[in-house]
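Student: Data: coords.txt, compact mmCIF, C-alpha atoms.
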# COMPACT_ATOMS: atom_id res chain seq x y z
CA MET G 1 20.68 -20.31 35.23
CA THR G 2 18.91 -20.99 31.95
CA PRO G 3 18.56 -24.61 30.81
CA PRO G 4 20.70 -25.79 27.90
CA ILE G 5 19.17 -25.78 24.44
CA PRO G 6 18.03 -29.28 23.41
CA ALA G 7 20.50 -31.07 21.17
CA PRO G 8 18.25 -31.17 18.06
CA PHE G 9 18.20 -27.37 18.05
CA SER G 10 21.81 -26.70 19.03
CA GLY G 11 22.79 -25.95 15.44
CA VAL G 12 19.87 -23.57 14.92
CA PHE G 13 19.50 -21.58 18.11
CA ALA G 14 22.70 -20.67 19.93
CA ARG G 15 23.44 -18.54 22.94
CA GLU G 16 26.30 -16.40 21.76
CA GLY G 17 29.00 -15.06 24.04
CA GLU G 18 31.35 -13.51 21.53
CA PRO G 19 31.45 -9.70 21.25
CA ARG G 20 29.34 -8.09 18.54
CA PHE G 21 29.67 -4.83 16.67
CA GLU G 22 26.85 -2.52 17.70
CA SER G 23 27.20 -0.54 14.47
CA ILE G 24 26.18 -3.61 12.44
CA ASP G 25 23.27 -4.52 14.71
CA GLN G 26 22.02 -0.93 14.87
CA SER G 27 22.23 -0.52 11.09
CA ARG G 28 20.43 -3.83 10.49
CA GLY G 29 17.66 -2.96 12.93
CA PHE G 30 17.15 0.34 11.10
CA ALA G 31 17.07 -1.49 7.74
CA ILE G 32 14.47 -3.99 8.97
CA LEU G 33 12.06 -1.27 10.13
CA CYS G 34 12.55 0.64 6.86
CA MET G 35 12.01 -2.50 4.77
CA LEU G 36 8.70 -3.05 6.52
CA LEU G 37 7.78 0.58 5.87
CA GLY G 38 8.53 0.24 2.16
CA ASN G 39 7.09 -3.25 1.61
CA PHE G 40 3.88 -2.57 3.55
CA MET G 41 3.17 1.16 3.47
CA GLY G 42 4.87 1.66 0.11
CA LYS G 43 2.05 -0.14 -1.70
CA PHE G 44 -0.57 2.46 -0.80
CA SER G 45 -1.50 5.38 -3.01
CA PHE G 46 -1.28 7.98 -0.24
CA MET G 47 2.46 7.43 0.27
CA PRO G 48 4.77 10.11 -1.21
CA PRO G 49 6.68 8.88 -4.29
CA PHE G 50 10.13 9.25 -2.74
CA LEU G 51 9.21 6.61 -0.13
CA THR G 52 7.94 4.01 -2.61
CA HIS G 53 9.44 1.66 -5.19
CA HIS G 54 9.18 2.31 -8.92
CA PRO G 55 10.24 0.33 -12.00
CA TYR G 56 12.67 3.16 -12.84
CA GLY G 57 14.35 5.77 -10.68
CA PHE G 58 16.21 5.93 -7.38
CA THR G 59 14.25 6.93 -4.26
CA LEU G 60 14.91 6.67 -0.54
CA ALA G 61 13.03 3.37 -0.61
CA GLU G 62 15.67 1.96 -2.98
CA THR G 63 18.47 2.46 -0.45
CA ILE G 64 17.21 0.03 2.21
CA ALA G 65 17.58 -3.42 0.62
CA PRO G 66 21.15 -2.57 -0.51
CA LEU G 67 21.95 -1.54 3.07
CA PHE G 68 20.66 -4.85 4.43
CA ILE G 69 22.63 -6.97 1.95
CA PHE G 70 25.72 -4.78 2.45
CA LEU G 71 25.52 -5.61 6.17
CA VAL G 72 25.06 -9.29 5.34
CA GLY G 73 28.42 -9.08 3.58
CA ALA G 74 30.09 -7.53 6.64
CA SER G 75 28.73 -10.24 8.93
CA TYR G 76 29.59 -12.95 6.38
CA ARG G 77 33.27 -12.03 6.43
CA LEU G 78 33.42 -11.72 10.24
CA SER G 79 31.62 -15.03 10.80
CA PHE G 80 33.62 -16.91 8.19
CA TRP G 81 36.91 -15.56 9.53
CA ARG G 82 36.02 -16.61 13.09
CA HIS G 83 35.01 -20.14 12.06
CA TRP G 84 38.11 -20.42 9.88
CA ARG G 85 40.36 -19.58 12.81
CA GLU G 86 38.53 -21.92 15.18
CA GLU G 87 37.69 -24.90 12.96
CA GLY G 88 39.70 -24.67 9.75
CA LEU G 89 38.89 -23.59 6.21
CA ALA G 90 36.97 -26.70 5.13
CA ARG G 91 34.63 -26.55 8.11
CA ALA G 92 34.07 -22.81 7.70
CA ARG G 93 33.14 -23.33 4.05
CA LEU G 94 30.72 -26.11 4.96
CA ARG G 95 29.04 -23.86 7.51
CA ALA G 96 28.67 -21.05 4.97
CA LEU G 97 27.39 -23.45 2.31
CA ARG G 98 24.73 -24.75 4.68
CA ARG G 99 23.78 -21.31 5.93
CA TYR G 100 23.27 -19.63 2.57
CA THR G 101 21.57 -22.66 1.05
CA LEU G 102 19.05 -22.64 3.90
CA ILE G 103 18.52 -18.87 3.58
CA PHE G 104 17.78 -19.38 -0.12
CA LEU G 105 15.31 -22.18 0.66
CA LEU G 106 13.69 -20.03 3.35
CA GLY G 107 13.21 -17.32 0.74
CA LEU G 108 11.41 -19.75 -1.56
CA ALA G 109 9.01 -20.51 1.29
CA VAL G 110 8.49 -16.86 2.30
CA TYR G 111 7.99 -15.57 -1.28
CA PRO G 112 5.97 -18.34 -2.98
CA ASP G 113 4.37 -15.96 -5.47
CA HIS G 114 7.54 -14.39 -6.89
CA PHE G 115 10.62 -16.13 -5.40
CA TRP G 116 13.24 -13.49 -6.24
CA ASP G 117 13.35 -11.21 -3.24
CA ALA G 118 15.65 -10.34 -0.33
CA LEU G 119 16.18 -13.78 1.22
CA THR G 120 16.62 -15.68 -2.05
CA HIS G 121 19.11 -13.12 -3.33
CA ILE G 122 21.00 -13.13 -0.02
CA GLY G 123 21.27 -16.91 -0.25
CA MET G 124 22.40 -16.88 -3.87
CA ALA G 125 24.87 -14.02 -3.38
CA GLY G 126 26.32 -15.73 -0.31
CA LEU G 127 26.93 -18.91 -2.32
CA LEU G 128 28.37 -16.85 -5.15
CA PHE G 129 31.06 -15.46 -2.82
CA LEU G 130 31.89 -18.76 -1.16
CA PRO G 131 34.91 -19.41 -3.46
CA VAL G 132 36.58 -16.10 -2.51
CA ILE G 133 35.30 -15.18 0.95
CA HIS G 134 38.61 -16.35 2.48
CA ARG G 135 40.72 -14.27 0.11
CA GLY G 136 42.00 -10.72 0.56
CA ALA G 137 39.93 -7.58 0.09
CA ALA G 138 41.36 -6.86 -3.37
CA VAL G 139 40.35 -10.30 -4.66
CA ARG G 140 36.86 -10.01 -3.21
CA LEU G 141 36.33 -6.55 -4.65
CA GLY G 142 37.60 -7.77 -8.02
CA TRP G 143 35.18 -10.69 -7.85
CA ALA G 144 32.34 -8.30 -6.97
CA ALA G 145 33.17 -6.04 -9.92
CA ALA G 146 33.42 -9.04 -12.27
CA CYS G 147 30.00 -10.26 -11.13
CA LEU G 148 28.44 -6.86 -11.80
CA ILE G 149 30.10 -6.56 -15.22
CA ALA G 150 28.88 -10.04 -16.14
CA TYR G 151 25.34 -9.17 -15.08
CA GLN G 152 25.32 -5.89 -16.99
CA ALA G 153 26.55 -7.66 -20.12
CA LEU G 154 23.86 -10.33 -19.82
CA TYR G 155 21.26 -7.68 -19.04
CA LEU G 156 22.01 -5.67 -22.17
CA THR G 157 22.87 -8.32 -24.76
CA THR G 158 20.67 -11.36 -24.16
CA GLY G 159 17.15 -9.97 -23.99
CA TYR G 160 17.16 -10.36 -20.22
CA GLU G 161 16.35 -6.66 -19.74
CA THR G 162 13.15 -6.97 -21.77
CA TRP G 163 12.13 -10.15 -19.99
CA VAL G 164 12.78 -9.01 -16.42
CA MET G 165 11.19 -5.58 -16.87
CA SER G 166 8.01 -7.10 -18.30
CA HIS G 167 7.81 -10.12 -15.98
CA GLY G 168 5.85 -8.87 -12.97
CA LYS G 169 6.84 -11.74 -10.67
CA SER G 170 10.61 -11.24 -11.05
CA LEU G 171 11.26 -8.50 -8.53
CA ASN G 172 14.69 -7.12 -7.68
CA GLY G 173 16.33 -8.22 -10.92
CA GLY G 174 15.03 -11.75 -11.25
CA PRO G 175 17.05 -14.97 -11.07
CA LEU G 176 20.34 -13.60 -12.49
CA ALA G 177 20.47 -10.60 -10.18
CA ALA G 178 22.48 -12.42 -7.51
CA LEU G 179 25.39 -11.22 -9.65
CA SER G 180 24.25 -7.63 -9.16
CA TRP G 181 23.31 -7.96 -5.47
CA GLY G 182 26.59 -9.82 -5.05
CA PHE G 183 28.46 -6.59 -5.84
CA ILE G 184 26.84 -4.99 -2.78
CA LEU G 185 27.48 -8.03 -0.58
CA GLY G 186 31.11 -8.19 -1.74
CA ALA G 187 31.68 -4.55 -0.85
CA GLY G 188 30.20 -5.24 2.57
CA THR G 189 32.75 -7.99 3.24
CA VAL G 190 35.47 -5.33 3.25
CA ILE G 191 33.75 -3.62 6.20
CA GLY G 192 34.13 -6.89 8.04
CA ASP G 193 37.89 -6.65 7.49
CA LEU G 194 38.01 -3.07 8.77
CA LEU G 195 36.03 -3.84 11.92
CA ASP G 196 38.03 -6.95 12.82
CA ARG G 197 41.21 -5.03 13.61
CA PRO G 198 42.32 -2.10 15.82
CA ARG G 199 40.53 0.99 14.56
CA ASP G 200 41.07 4.73 14.31
CA HIS G 201 37.43 5.89 14.44
CA ASP G 202 37.96 9.19 12.67
CA ARG G 203 40.02 7.64 9.90
CA LEU G 204 37.45 4.90 9.30
CA LEU G 205 34.64 7.44 9.23
CA ARG G 206 36.50 9.46 6.60
CA TYR G 207 36.97 6.30 4.56
CA LEU G 208 33.27 5.37 4.80
CA LEU G 209 32.12 8.85 3.79
CA GLY G 210 34.69 9.29 1.01
CA ALA G 211 34.14 5.87 -0.53
CA GLY G 212 30.37 6.23 -0.19
CA LEU G 213 30.23 9.60 -1.94
CA ALA G 214 32.58 8.37 -4.68
CA LEU G 215 30.34 5.37 -5.40
CA ILE G 216 27.19 7.52 -5.38
CA ALA G 217 28.82 9.84 -7.93
CA GLY G 218 30.07 6.88 -9.95
CA GLY G 219 26.65 5.26 -10.08
CA TYR G 220 25.09 8.51 -11.24
CA ALA G 221 27.75 8.99 -13.91
CA LEU G 222 27.17 5.46 -15.15
CA SER G 223 23.44 6.15 -15.48
CA LEU G 224 24.09 8.95 -17.98
CA GLU G 225 24.51 8.68 -21.71
CA TRP G 226 28.12 8.73 -22.83
CA PRO G 227 28.14 10.07 -26.41
CA PHE G 228 29.62 7.61 -28.92
CA LEU G 229 30.13 5.04 -26.11
CA LYS G 230 26.84 4.02 -24.54
CA ALA G 231 23.21 4.98 -24.08
CA ALA G 232 21.83 6.03 -20.71
CA TRP G 233 21.48 3.19 -18.21
CA PRO G 234 18.54 4.18 -16.01
CA TYR G 235 18.29 3.35 -12.34
CA THR G 236 15.96 0.38 -11.95
CA ARG G 237 15.27 -1.72 -8.89
CA TRP G 238 13.28 -4.14 -11.04
CA GLY G 239 16.20 -4.64 -13.38
CA MET G 240 19.12 -4.11 -10.95
CA SER G 241 21.38 -2.81 -13.71
CA ALA G 242 24.77 -1.41 -12.68
CA PRO G 243 23.90 2.18 -11.61
CA LEU G 244 21.59 1.03 -8.82
CA PRO G 245 23.90 -1.43 -6.98
CA ILE G 246 26.83 0.98 -7.28
CA THR G 247 24.84 3.91 -5.90
CA GLY G 248 23.16 1.64 -3.33
CA THR G 249 26.56 0.53 -2.09
CA GLY G 250 27.57 4.17 -1.73
CA THR G 251 24.49 5.08 0.29
CA SER G 252 25.05 1.97 2.44
CA LEU G 253 28.56 3.13 3.30
CA VAL G 254 27.26 6.55 4.32
CA VAL G 255 24.38 5.16 6.43
CA PHE G 256 26.66 2.63 8.09
CA GLY G 257 29.09 5.45 8.82
CA PHE G 258 26.30 7.32 10.62
CA PHE G 259 25.57 4.38 12.91
CA TYR G 260 29.28 3.67 13.35
CA MET G 261 29.85 7.24 14.51
CA PHE G 262 27.16 6.97 17.19
CA SER G 263 27.45 3.37 18.36
CA GLU G 264 31.20 2.71 18.13
CA LYS G 265 32.78 6.14 18.53
CA ARG G 266 30.30 7.88 20.82
CA GLN G 267 28.79 4.77 22.46
CA ILE G 268 25.24 6.02 21.79
CA ARG G 269 22.65 3.40 20.78
CA PHE G 270 19.16 3.98 19.41
CA PRO G 271 16.52 2.05 21.38
CA LEU G 272 15.25 -1.29 19.98
CA LEU G 273 17.48 -1.27 16.91
CA THR G 274 20.11 -3.57 18.42
CA PRO G 275 17.65 -6.39 19.33
CA LEU G 276 16.16 -6.19 15.85
CA GLY G 277 19.59 -6.37 14.29
CA ARG G 278 20.69 -9.44 16.25
CA ASN G 279 18.22 -11.83 14.61
CA PRO G 280 17.83 -10.23 11.17
CA ILE G 281 17.04 -13.28 9.03
CA LEU G 282 14.34 -14.53 11.39
CA LEU G 283 12.72 -11.11 11.67
CA LEU G 284 12.97 -10.53 7.92
CA ALA G 285 11.07 -13.78 7.38
CA VAL G 286 8.47 -12.87 10.04
CA LEU G 287 7.93 -9.42 8.54
CA GLY G 288 7.75 -10.90 5.06
CA ALA G 289 4.98 -13.21 6.22
CA MET G 290 3.18 -10.27 7.89
CA VAL G 291 3.35 -8.23 4.71
CA GLY G 292 2.05 -11.20 2.70
CA ILE G 293 -0.93 -11.56 5.03
CA SER G 294 -1.62 -7.82 4.87
CA ARG G 295 -1.68 -7.98 1.08
CA LEU G 296 -4.25 -10.77 1.17
CA ILE G 297 -6.40 -8.61 3.45
CA THR G 298 -6.11 -5.55 1.19
CA MET G 299 -6.95 -7.68 -1.86
CA ARG G 300 -10.12 -8.76 -0.08
CA PHE G 301 -11.18 -5.46 1.49
CA GLY G 302 -9.36 -2.83 -0.57
CA GLU G 303 -6.78 -0.23 0.38
CA PRO G 304 -7.14 1.01 3.96
CA SER G 305 -7.21 4.62 5.02
CA ALA G 306 -3.93 6.30 5.88
CA GLU G 307 -4.78 6.14 9.59
CA ILE G 308 -5.46 2.39 9.53
CA ALA G 309 -2.36 1.71 7.44
CA VAL G 310 -0.13 3.68 9.84
CA ALA G 311 -1.68 1.85 12.78
CA GLY G 312 -1.01 -1.46 11.02
CA TYR G 313 2.61 -0.52 10.41
CA PHE G 314 3.18 0.37 14.05
CA LEU G 315 1.39 -2.81 15.17
CA MET G 316 3.63 -4.99 12.99
CA SER G 317 6.71 -3.05 14.07
CA ALA G 318 5.74 -3.46 17.73
CA ALA G 319 5.25 -7.21 17.22
CA ALA G 320 8.66 -7.51 15.58
CA CYS G 321 10.30 -5.49 18.36
CA ALA G 322 8.61 -7.60 21.04
CA VAL G 323 9.91 -10.82 19.48
CA ALA G 324 13.37 -9.28 19.03
CA VAL G 325 13.58 -8.05 22.64
CA TRP G 326 12.40 -11.42 24.00
CA LEU G 327 15.04 -13.28 21.99
CA ASP G 328 17.69 -10.77 23.00
CA ARG G 329 16.88 -11.08 26.71
CA LYS G 330 17.11 -14.86 26.40
CA LYS G 331 20.39 -14.36 24.51
CA VAL G 332 19.06 -16.51 21.71
CA ARG G 333 20.39 -16.03 18.18
CA LEU G 334 19.05 -17.74 15.10
CA ARG G 335 21.77 -19.77 13.42
CA PHE G 336 21.25 -21.93 10.38
Would you write the structure of this file as structure tokens?
Tutor:
Amino acid sequence: MTPPIPAPFSGVFAREGEPRFESIDQSRGFAILCMLLGNFMGKFSFMPPFLTHHPYGFTLAETIAPLFIFLVGASYRLSFWRHWREEGLARARLRALRRYTLIFLLGLAVYPDHFWDALTHIGMAGLLFLPVIHRGAAVRLGWAAACLIAYQALYLTTGYETWVMSHGKSLNGGPLAALSWGFILGAGTVIGDLLDRPRDHDRLLRYLLGAGLALIAGGYALSLEWPFLKAAWPYTRWGMSAPLPITGTGTSLVVFGFFYMFSEKRQIRFPLLTPLGRNPILLLAVLGAMVGISRLITMRFGEPSAEIAVAGYFLMSAAACAVAVWLDRKKVRLRF
């Protein structure tokens, strides 16, 4: 029998007994490994362009951060709903307020040179949805759409586009982009609704694929010029204008559907992904620190060879998996 967790840490580390959705954990584990691939390997010149980030365009690398934040939205709804049922609405809101505030502060510590990255945007988007997270799916989707419309208007009419695209330290849309990332998180909350009820696997898979393909097509259509109505709105991860979060939400639905099909319908799990997905915020912070250290090394010694870089990626991935498996075996989950 394992000893109880000391009282000072009982609100941070908790041994969870409630059932989890393997599709969420598997998808998150996949996203974490891909984020490390893009953030570490993607900086090197030998990487093919479709696996790296660019100021403009939409590559495979641009699909991973949307997937992670989409899954944050799914977990947000499930967690909030459970605490609401057990402790009441006020207490559930307080928990969410504390959690997403601490995630935002953790992001400031992990990204001291640019601030606006995955953790800070997760924290801000989580706080942005706090007023409506208890409402129905239609209200939350309306709120998500309103946030994206507001961001696009600010992006185009206030000079924010010029500033954020020229300001090298404002990655992922800069300080206002929680409105844009919030669209993805808000869409993810609806998945939480769908999972937290009796499910017809085939029907849900059709919904995920259909909605995903519709959003991918819609994002592409929005990127085009509409004669006499609007100029082209290019895909841009740096700017996070509307085509990217809409298309990113679509790809997230499709990828999640893939993992749902295997883990929930067929009961097939990919090794190591579940442990990685069970402590995502902790591992995201650890990998962020690893990538930061690796950048300091490359600044000092220059870009490594492809062989050394690949070895470094697998070494960091192995370290993350080892920590994840150890925590999973101890049944320890990081809770803010």
Student: Restricting the calculation to all atoms listed in the file: of G:Leu185, G:Leu205, G:Ala242, G:Leu282, which residue gets closest to G:Tyr151?
Tutor: G:Ala242
Student: For G:Leu89, find every residue with an atom within 12 Å (counting all atoms listed in the file), except residues of its own chain fewer than 3 positions away, and show them as a list in words.
Tutor: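 These residues fall inside the cut-off: Phe80, Trp81, Arg82, His83, Trp84, Arg85, Glu86, Ala92, Arg93, Leu94, Arg95, Ala96, Leu130, Pro131, Val132, Ile133, His134 and Arg135 of chain G.
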Student: What's around G:Leu204 at 12 Å? Count all atoms listed in the file, leave out sequence neighbours fewer than 6 positions away in its own chain, and write the answer as JSON, numbers by chain.
Tutor: {"G": [191, 193, 194, 195, 197, 198, 210, 211, 212, 253, 254, 256, 257, 258, 260, 261, 264, 265]}
Student: Could you check which of G:Ile268, G:Leu37, G:Leu78, G:Leu106 is closest to G:Gly312, using only C-alpha atoms?
Tutor: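 Result for the nearest residue to G:Gly312: G:Leu37.
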Student: Taking 4 positions as the minimum chain separation for residues in the same chain, which residues sit within 6 Å of G:Gly29 when counting all atoms listed in the file? Answer as a list in words.
Tutor: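 The neighbour list is Leu273, Leu276 and Gly277 of chain G.
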Student: What is the distance between atom CA of G:Phe301 and atom CA of G:Leu36, in Å to one decimal?
Tutor: 20.6 Å
Student: Please return as a PyMOL selection string every residue within 12 Å of (22.5, 4.1, -15.5), taking into account all atoms listed in the file and the file's own coordinates.
Tutor: chain G and resi 56-58+152+156+216-226+230-237+239-247
Student: To one decimal place in Å, what is the distance between atom CA of G:Val110 and atom CA of G:Pro271?
Tutor: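 These atoms are spaced 28.0 Å apart.
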Student: Figure out the distance between atom CA of G:Arg140 and atom CA of G:Gly123, please, to one decimal in Å.
Tutor: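 Straight-line distance from atom CA of G:Gly123 to atom CA of G:Arg140 works out to 17.3 Å.
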Student: Could you pull the residues within 10 Å of G:Met316, counting only C-alpha atoms, minus those fewer than 5 positions along the same chain, as a PyMOL selection string?
Tutor: chain G and resi 33+36-37+40+286-287+290-291+310-311+321-322
Student: Give me a file of those residues, with C-alpha atoms, as an mmCIF file, in the coordinates of the input.
Tutor:
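Produced file result.cif, reproduced below:
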data_model
loop_
_atom_site.group_PDB
_atom_site.id
_atom_site.type_symbol
_atom_site.label_atom_id
_atom_site.label_comp_id
_atom_site.auth_asym_id
_atom_site.auth_seq_id
_atom_site.Cartn_x
_atom_site.Cartn_y
_atom_site.Cartn_z
ATOM 1 C CA LEU G 33 12.060 -1.270 10.130
ATOM 2 C CA LEU G 36 8.700 -3.050 6.520
ATOM 3 C CA LEU G 37 7.780 0.580 5.870
ATOM 4 C CA PHE G 40 3.880 -2.570 3.550
ATOM 5 C CA VAL G 286 8.470 -12.870 10.040
ATOM 6 C CA LEU G 287 7.930 -9.420 8.540
ATOM 7 C CA MET G 290 3.180 -10.270 7.890
ATOM 8 C CA VAL G 291 3.350 -8.230 4.710
ATOM 9 C CA VAL G 310 -0.130 3.680 9.840
ATOM 10 C CA ALA G 311 -1.680 1.850 12.780
ATOM 11 C CA CYS G 321 10.300 -5.490 18.360
ATOM 12 C CA ALA G 322 8.610 -7.600 21.040
#
Student: Nearest to G:Pro55: which of G:Ser166, G:Met124, G:Met41, G:His114 is it, counting only C-alpha atoms?
Tutor: G:Ser166
Student: Pick out the closest residue to G:Cys34 from this set: G:Leu284, G:Ala177, G:Leu97, G:Leu215. Count only C-alpha atoms.
Tutor: G:Leu284
Student: Counting only C-alpha atoms, which of G:Met35, G:Ile69, G:Ile184, G:Ile24 gets nearest to G:Leu141?
Tutor: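 Under the stated criterion, the closest residue is G:Ile184.
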Student: Got a minute to add N, CA and C atoms to stretch 222-241 of chain G and dump it as an mmCIF file, keeping the file's coordinate frame?
Tutor:
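Final output, saved to selection17.cif:
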data_model
loop_
_atom_site.group_PDB
_atom_site.id
_atom_site.type_symbol
_atom_site.label_atom_id
_atom_site.label_comp_id
_atom_site.auth_asym_id
_atom_site.auth_seq_id
_atom_site.Cartn_x
_atom_site.Cartn_y
_atom_site.Cartn_z
ATOM 1 N N LEU G 222 27.419 6.626 -14.312
ATOM 2 C CA LEU G 222 27.170 5.460 -15.150
ATOM 3 C C LEU G 222 25.742 5.450 -15.684
ATOM 4 N N SER G 223 24.832 6.120 -15.005
ATOM 5 C CA SER G 223 23.440 6.150 -15.480
ATOM 6 C C SER G 223 23.258 7.082 -16.671
ATOM 7 N N LEU G 224 24.219 7.958 -16.912
ATOM 8 C CA LEU G 224 24.090 8.950 -17.980
ATOM 9 C C LEU G 224 24.486 8.368 -19.338
ATOM 10 N N GLU G 225 24.035 9.030 -20.369
ATOM 11 C CA GLU G 225 24.510 8.680 -21.710
ATOM 12 C C GLU G 225 25.933 9.186 -21.900
ATOM 13 N N TRP G 226 26.765 8.335 -22.475
ATOM 14 C CA TRP G 226 28.120 8.730 -22.830
ATOM 15 C C TRP G 226 28.186 8.776 -24.355
ATOM 16 N N PRO G 227 28.183 9.969 -24.947
ATOM 17 C CA PRO G 227 28.140 10.070 -26.410
ATOM 18 C C PRO G 227 29.204 9.218 -27.086
ATOM 19 N N PHE G 228 28.772 8.484 -28.100
ATOM 20 C CA PHE G 228 29.620 7.610 -28.920
ATOM 21 C C PHE G 228 30.123 6.376 -28.153
ATOM 22 N N LEU G 229 29.707 6.211 -26.877
ATOM 23 C CA LEU G 229 30.130 5.040 -26.110
ATOM 24 C C LEU G 229 28.970 4.188 -25.644
ATOM 25 N N LYS G 230 27.971 4.812 -25.025
ATOM 26 C CA LYS G 230 26.840 4.020 -24.540
ATOM 27 C C LYS G 230 25.625 4.911 -24.363
ATOM 28 N N ALA G 231 24.449 4.275 -24.394
ATOM 29 C CA ALA G 231 23.210 4.980 -24.080
ATOM 30 C C ALA G 231 23.081 5.125 -22.577
ATOM 31 N N ALA G 232 22.083 5.889 -22.144
ATOM 32 C CA ALA G 232 21.830 6.030 -20.710
ATOM 33 C C ALA G 232 21.409 4.677 -20.128
ATOM 34 N N TRP G 233 21.889 4.398 -18.945
ATOM 35 C CA TRP G 233 21.480 3.190 -18.210
ATOM 36 C C TRP G 233 20.657 3.654 -17.013
ATOM 37 N N PRO G 234 19.353 3.613 -17.098
ATOM 38 C CA PRO G 234 18.540 4.180 -16.010
ATOM 39 C C PRO G 234 18.637 3.358 -14.726
ATOM 40 N N TYR G 235 18.439 4.043 -13.612
ATOM 41 C CA TYR G 235 18.290 3.350 -12.340
ATOM 42 C C TYR G 235 17.031 2.478 -12.410
ATOM 43 N N THR G 236 17.135 1.242 -12.007
ATOM 44 C CA THR G 236 15.960 0.380 -11.950
ATOM 45 C C THR G 236 16.130 -0.696 -10.906
ATOM 46 N N ARG G 237 15.267 -0.671 -9.903
ATOM 47 C CA ARG G 237 15.270 -1.720 -8.890
ATOM 48 C C ARG G 237 14.735 -3.021 -9.475
ATOM 49 N N TRP G 238 13.805 -2.931 -10.405
ATOM 50 C CA TRP G 238 13.280 -4.140 -11.040
ATOM 51 C C TRP G 238 14.357 -4.840 -11.866
ATOM 52 N N GLY G 239 15.191 -4.057 -12.516
ATOM 53 C CA GLY G 239 16.200 -4.640 -13.380
ATOM 54 C C GLY G 239 17.555 -4.834 -12.707
ATOM 55 N N MET G 240 17.856 -4.032 -11.698
ATOM 56 C CA MET G 240 19.120 -4.110 -10.950
ATOM 57 C C MET G 240 20.336 -3.943 -11.859
ATOM 58 N N SER G 241 20.220 -3.082 -12.883
ATOM 59 C CA SER G 241 21.380 -2.810 -13.710
ATOM 60 C C SER G 241 22.392 -1.986 -12.918
#
